[in-house]
file query.txt (compact mmCIF, C-alpha atoms)
# COMPACT_ATOMS: atom_id res chain seq x y z
CA MET A 93 0.00 0.00 0.00
CA SER A 94 1.38 3.37 -0.97
CA GLU A 95 1.70 6.24 1.49
CA LYS A 96 -1.05 8.09 -0.35
CA GLU A 97 -3.38 5.11 -0.06
CA ALA A 98 -2.56 4.72 3.64
CA VAL A 99 -3.37 8.39 4.31
CA ALA A 100 -6.67 8.06 2.41
CA LEU A 101 -7.57 4.95 4.40
CA ASN A 102 -6.77 6.69 7.69
CA ASN A 103 -8.88 9.67 6.65
CA GLN A 104 -11.79 7.38 5.83
CA GLY A 105 -11.51 5.76 9.24
CA ARG A 106 -11.44 9.14 10.95
CA ILE A 107 -14.48 10.33 9.02
CA ARG A 108 -16.40 7.18 9.94
CA LEU A 109 -15.62 7.67 13.62
CA GLU A 110 -16.59 11.34 13.47
CA ASN A 111 -19.85 10.58 11.67
CA ARG A 112 -20.72 7.83 14.10
CA LYS A 113 -20.14 10.15 17.06
CA ARG A 114 -22.24 12.89 15.45
CA ILE A 115 -25.07 10.42 14.97
CA MET A 116 -24.80 9.11 18.54
CA ASP A 117 -24.78 12.62 20.01
CA ALA A 118 -27.74 13.65 17.87
CA ALA A 119 -29.67 10.48 18.68
CA GLU A 120 -29.16 10.97 22.41
CA LYS A 121 -30.62 14.48 22.18
CA VAL A 122 -33.55 13.51 19.94
CA PHE A 123 -34.45 10.39 21.95
CA ALA A 124 -34.28 12.44 25.17
CA GLU A 125 -36.69 15.02 23.77
CA ASN A 126 -39.13 12.73 21.96
CA GLY A 127 -38.69 9.21 23.28
CA PHE A 128 -38.21 6.20 21.03
CA ARG A 129 -41.62 6.27 19.36
CA GLY A 130 -41.61 10.01 18.77
CA SER A 131 -38.17 10.03 17.17
CA THR A 132 -37.39 9.35 13.53
CA THR A 133 -34.17 8.65 11.70
CA ALA A 134 -34.90 11.74 9.63
CA SER A 135 -34.99 13.97 12.73
CA ILE A 136 -31.80 12.39 14.03
CA ALA A 137 -30.07 12.91 10.68
CA LYS A 138 -31.18 16.54 10.66
CA GLN A 139 -29.83 17.05 14.19
CA ALA A 140 -26.54 15.43 13.17
CA GLY A 141 -26.30 17.44 9.96
CA LEU A 142 -25.92 14.27 7.88
CA PRO A 143 -27.97 12.55 5.18
CA LYS A 144 -30.61 10.12 6.46
CA ALA A 145 -28.87 7.33 4.56
CA ASN A 146 -25.90 7.67 6.91
CA ILE A 147 -28.04 6.65 9.87
CA HIS A 148 -28.96 3.37 8.20
CA TYR A 149 -25.42 2.84 6.92
CA TYR A 150 -23.89 3.01 10.39
CA PHE A 151 -26.70 1.55 12.50
CA GLY A 152 -29.15 -0.20 10.22
CA THR A 153 -32.41 0.62 12.01
CA LYS A 154 -33.74 3.11 14.54
CA GLU A 155 -34.09 0.22 16.99
CA GLU A 156 -30.42 -0.67 16.65
CA LEU A 157 -29.36 2.96 17.05
CA TYR A 158 -31.54 3.36 20.14
CA ARG A 159 -30.14 0.24 21.78
CA THR A 160 -26.59 1.40 21.01
CA VAL A 161 -27.31 4.76 22.64
CA VAL A 162 -28.80 3.13 25.73
CA ASP A 163 -25.91 0.65 25.97
CA GLU A 164 -23.40 3.49 25.87
CA ILE A 165 -25.30 5.42 28.54
CA VAL A 166 -25.42 2.47 30.92
CA GLU A 167 -21.76 1.62 30.32
CA LEU A 168 -20.85 5.23 31.06
CA TRP A 169 -22.74 5.15 34.35
CA LEU A 170 -21.43 1.77 35.45
CA SER A 171 -17.82 2.66 34.66
CA SER A 172 -18.15 5.79 36.82
CA PHE A 173 -18.23 3.48 39.86
CA ARG A 174 -14.65 2.25 39.72
CA GLU A 175 -13.62 -1.24 40.72
CA ILE A 176 -13.79 -1.43 44.51
CA THR A 177 -12.49 -3.90 47.07
CA ALA A 178 -13.01 -4.62 50.75
CA GLU A 179 -9.74 -2.78 51.45
CA ASP A 180 -11.04 0.55 50.08
CA ASP A 181 -12.26 3.36 52.30
CA PRO A 182 -16.10 3.50 52.23
CA ALA A 183 -16.41 7.27 52.69
CA SER A 184 -13.97 8.14 49.90
CA THR A 185 -15.39 5.50 47.57
CA LEU A 186 -19.02 6.58 47.96
CA ALA A 187 -18.13 10.28 47.72
CA ASP A 188 -16.11 9.67 44.56
CA TYR A 189 -19.00 7.79 43.00
CA ILE A 190 -21.54 10.47 43.85
CA ARG A 191 -19.32 13.17 42.38
CA ALA A 192 -18.81 11.14 39.21
CA LYS A 193 -22.56 10.57 38.82
CA MET A 194 -23.30 14.24 39.38
CA GLU A 195 -20.75 15.21 36.75
CA LEU A 196 -22.61 12.99 34.29
CA SER A 197 -25.95 14.54 35.24
CA LYS A 198 -24.44 17.97 34.67
CA ASN A 199 -22.60 17.23 31.42
CA ARG A 200 -24.82 14.51 29.89
CA PRO A 201 -28.39 15.29 31.04
CA GLU A 202 -29.94 13.93 27.83
CA ALA A 203 -28.40 10.55 28.56
CA SER A 204 -30.21 10.32 31.88
CA ARG A 205 -33.49 11.39 30.26
CA VAL A 206 -33.24 8.72 27.56
CA PHE A 207 -32.82 6.05 30.23
CA ALA A 208 -35.60 7.49 32.41
CA ASN A 209 -38.03 7.55 29.46
CA GLU A 210 -37.23 3.92 28.71
CA LEU A 211 -37.95 2.86 32.30
CA ILE A 212 -41.15 4.90 32.48
CA ARG A 213 -42.43 2.95 29.48
CA GLY A 214 -41.69 -0.35 31.16
CA ALA A 215 -38.21 -0.87 29.69
CA PRO A 216 -39.55 -2.77 26.63
CA ARG A 217 -36.19 -2.75 24.86
CA ILE A 218 -33.77 -3.31 27.75
CA LYS A 219 -35.70 -5.47 30.24
CA PRO A 220 -33.42 -8.52 29.69
CA TYR A 221 -30.40 -6.31 30.35
CA LEU A 222 -31.87 -4.99 33.59
CA SER A 223 -32.44 -8.49 34.96
CA GLY A 224 -29.13 -9.75 33.58
CA ASP A 225 -25.99 -7.64 33.31
CA LEU A 226 -27.24 -4.74 35.44
CA LYS A 227 -28.45 -7.08 38.20
CA ALA A 228 -25.05 -8.80 38.22
CA TRP A 229 -23.26 -5.44 38.43
CA VAL A 230 -25.38 -4.30 41.37
CA GLU A 231 -24.83 -7.58 43.19
CA LYS A 232 -21.07 -7.33 42.68
CA LYS A 233 -20.88 -3.78 44.07
CA SER A 234 -23.31 -4.44 46.91
CA ALA A 235 -21.25 -7.46 47.98
CA VAL A 236 -18.31 -5.14 48.69
CA LEU A 237 -20.57 -2.76 50.62
CA ASP A 238 -21.89 -5.71 52.64
CA THR A 239 -18.30 -6.70 53.46
CA TRP A 240 -17.64 -3.18 54.75
CA ILE A 241 -20.72 -3.53 56.94
CA GLU A 242 -19.55 -6.90 58.26
CA GLN A 243 -16.12 -5.39 59.00
CA GLY A 244 -17.74 -2.57 60.95
CA LYS A 245 -16.52 0.08 58.50
CA MET A 246 -20.03 1.43 57.92
CA ALA A 247 -23.49 1.18 59.46
CA PRO A 248 -25.89 -1.59 58.41
CA VAL A 249 -27.83 -0.48 55.33
CA ASP A 250 -29.53 -2.23 52.44
CA SER A 251 -26.60 -2.03 50.04
CA LYS A 252 -28.58 -2.67 46.85
CA ARG A 253 -31.12 0.01 47.66
CA LEU A 254 -28.32 2.38 48.63
CA ILE A 255 -26.90 2.14 45.10
CA PHE A 256 -30.27 2.91 43.54
CA HIS A 257 -30.92 5.74 45.99
CA ILE A 258 -27.65 7.29 44.82
CA TRP A 259 -28.82 6.92 41.21
CA ALA A 260 -32.13 8.58 42.08
CA MET A 261 -30.56 11.48 43.99
CA THR A 262 -28.00 12.23 41.30
CA GLN A 263 -30.12 11.70 38.19
CA THR A 264 -32.96 13.92 39.39
CA TRP A 265 -30.70 16.89 38.60
CA ALA A 266 -30.71 15.82 34.95
CA ASP A 267 -34.20 14.37 34.58
CA PHE A 268 -35.95 17.24 36.39
CA GLU A 269 -33.53 20.09 35.77
CA ILE A 270 -36.34 22.46 34.82
CA GLN A 271 -38.03 21.80 38.17
CA TRP A 272 -34.88 22.46 40.16
CA ALA A 273 -34.07 25.56 38.09
CA SER A 274 -37.55 26.96 38.70
CA VAL A 275 -37.42 26.34 42.45
CA LEU A 276 -33.94 27.85 42.68
CA GLY A 277 -34.95 30.86 40.59
CA ARG A 278 -32.63 30.18 37.65
CA GLU A 279 -33.59 31.92 34.45
CA GLU A 280 -34.36 29.94 31.30
CA GLY A 281 -34.37 26.68 33.23
CA VAL A 282 -30.58 26.44 33.36
CA LEU A 283 -28.78 25.42 36.54
CA LEU A 284 -25.47 26.98 37.54
CA ASP A 285 -22.23 25.16 38.37
CA GLU A 286 -22.70 26.15 42.00
CA ASP A 287 -26.11 24.45 42.05
CA TYR A 288 -24.53 21.14 41.03
CA GLU A 289 -21.71 21.56 43.51
CA GLN A 290 -24.05 22.31 46.40
CA ALA A 291 -26.29 19.41 45.42
CA THR A 292 -23.27 17.10 45.22
CA ASN A 293 -22.09 18.04 48.70
CA SER A 294 -25.61 17.64 50.07
CA ILE A 295 -26.00 14.15 48.57
CA ILE A 296 -22.59 13.09 49.86
CA THR A 297 -23.46 14.29 53.36
CA THR A 298 -26.84 12.54 53.28
CA VAL A 299 -25.40 9.23 52.09
CA LEU A 300 -22.41 9.22 54.42
CA ARG A 301 -24.55 10.15 57.41
CA ASN A 302 -26.98 7.32 56.57
CA CYS A 303 -24.03 4.94 56.36
CA GLY A 304 -22.62 6.05 59.71
CA LEU A 305 -19.61 7.70 58.07
CA MET A 306 -20.06 11.16 59.56
CA PRO A 307 -18.66 13.53 60.65
CA LEU A 308 -17.34 14.24 57.17
CA PRO A 309 -13.57 13.55 57.00
CA GLU A 310 -11.44 16.59 56.19
CA ARG A 311 -10.25 15.05 52.91
CA LEU A 312 -13.84 14.94 51.64
CA LYS A 313 -14.74 18.56 52.38
CA ASN A 314 -15.01 21.11 49.58
CA GLY A 315 -14.77 18.41 46.95
CA THR A 316 -11.14 17.50 47.71
CA CYS A 317 -11.70 13.75 47.93
call {"tool": "encode", "arguments": {"input": "query.txt", "output": "structure tokens"}}
result
Amino acid sequence: MSEKEAVALNNQGRIRLENRKRIMDAAEKVFAENGFRGSTTASIAKQAGLPKANIHYYFGTKEELYRTVVDEIVELWLSSFREITAEDDPASTLADYIRAKMELSKNRPEASRVFANELIRGAPRIKPYLSGDLKAWVEKKSAVLDTWIEQGKMAPVDSKRLIFHIWAMTQTWADFEIQWASVLGREEGVLLDEDYEQATNSIITTVLRNCGLMPLPERLKNGTC
């Protein structure tokens, strides 16, 4: 292969990756606004600034694109809770996770809304995943939390429900941003960075207190954990 051919091939690969990302970003926004049924490949293509044919070239069908978007969202959320062991510090670990989830709610609110809309409709397209991979992930993380409880590192709590309570407390700032913005008096329904930071600190305090990990260690104050 000549150098010119290699450069052309690399450019083609770069363009494919860029187009795929544009489609994924557009789909996340359109699905968040309209749900699966209310979204069309034409509206997604328009949002992405690409021909409709590109949607079908990269993803085949709207169903396949939707599932890819949801898979990426869930993977993003699950990876935000790093691998943990019984030797880790509970307070730092939970605080880190809450901060990571709040960053996602702040920077990727449409992602949370896509997932919320799917669940509200009974999770018709991801129900097997919820009872399979997601269930296994929750059990793996909760097993470490249960070990911390057995070791006396934190107060007895329902570890599985604790994980979902963290999801609920962090994702509400994405799913119901307009509600929070209205209550806090933010114009145009847009929250400020300080709103997310104050909410993050409040959630951390609530969770750690519930887990018997208060008073808040110095290293966790002011977001320095």
call {"tool": "residues_near_point", "arguments": {"input": "query.txt", "point": "(-28.3, 18.9, 37.3)", "cutoff": "6 Å", "atoms": "all atoms listed in the file", "output": "list in words"}}
result
Ser197, Lys198, Trp265, Ala266, Glu269 and Tyr288 of chain A
call {"tool": "atom_distance", "arguments": {"input": "query.txt", "atom1": "atom CA of Ala192 of chain A", "atom2": "atom CA of Pro216 of chain A"}}
result
28.0 Å
call {"tool": "residues_near_point", "arguments": {"input": "query.txt", "point": "(-32.4, -5.4, 28.6)", "cutoff": "12 Å", "atoms": "all atoms listed in the file", "output": "ChimeraX atom specification"}}
result
/A:159-160,162-163,166,207,210-211,214-227
call {"tool": "closest_residue", "arguments": {"input": "query.txt", "among": "A:Ile165, A:Leu170, A:Ala247, A:Ala134", "to": "Ser204 of chain A", "atoms": "only C-alpha atoms"}}
result
A:Ile165
call {"tool": "closest_residue", "arguments": {"input": "query.txt", "among": "A:Ile258, A:Ile270, A:Ala228, A:Leu196", "to": "Ser294 of chain A", "atoms": "all atoms listed in the file"}}
result
A:Ile258
call {"tool": "closest_residue", "arguments": {"input": "query.txt", "among": "A:Thr239, A:Thr262, A:Ser172, A:Ser274", "to": "Glu289 of chain A", "atoms": "all atoms listed in the file"}}
result
A:Thr262
call {"tool": "atom_distance", "arguments": {"input": "query.txt", "atom1": "atom CA of Leu254 of chain A", "atom2": "atom CA of Gln271 of chain A"}}
result
24.1 Å
call {"tool": "residues_around", "arguments": {"input": "query.txt", "residues": "Arg200 of chain A", "least_positions_apart": "5", "cutoff": "12 Å", "atoms": "all atoms listed in the file", "output": "PyMOL selection string"}}
result
chain A and resi 117+120-121+124+164-165+168-169+192-195+205-207+263+265-267+269
call {"tool": "atom_distance", "arguments": {"input": "query.txt", "atom1": "atom CA of Thr153 of chain A", "atom2": "atom CA of Asn199 of chain A"}}
result
27.4 Å
call {"tool": "residues_around", "arguments": {"input": "query.txt", "residues": "Asp250 of chain A", "least_positions_apart": "4", "cutoff": "10 Å", "atoms": "all atoms listed in the file", "output": "VMD selection string"}}
result
chain A and resid 234 237 to 238 241 254 to 255 303
call {"tool": "axis_aligned_box", "arguments": {"input": "query.txt", "around": "segment 111-119 of chain A", "padding_each_side": "6 Å", "output": "lines of an AutoDock Vina configuration file"}}
result
center_x = -24.8
center_y = 10.7
center_z = 15.8
size_x = 21.8
size_y = 17.8
size_z = 20.3
call {"tool": "residues_around", "arguments": {"input": "query.txt", "residues": "Arg174 of chain A", "least_positions_apart": "4", "cutoff": "9 Å", "atoms": "only C-alpha atoms", "output": "list in words"}}
result
Leu170, Thr185, Asp188 and Tyr189 of chain A
call {"tool": "write_last_selection", "arguments": {"input": "query.txt", "atoms": "C-alpha atoms", "output": "CSV table (one decimal), in the frame of the given file"}}
result
chain,number,residue,atom,x,y,z
A,170,LEU,CA,-21.4,1.8,35.4
A,185,THR,CA,-15.4,5.5,47.6
A,188,ASP,CA,-16.1,9.7,44.6
A,189,TYR,CA,-19.0,7.8,43.0
call {"tool": "closest_residue", "arguments": {"input": "query.txt", "among": "A:Phe256, A:Tyr158, A:Trp240, A:Trp229", "to": "Gly304 of chain A", "atoms": "only C-alpha atoms"}}
result
A:Trp240
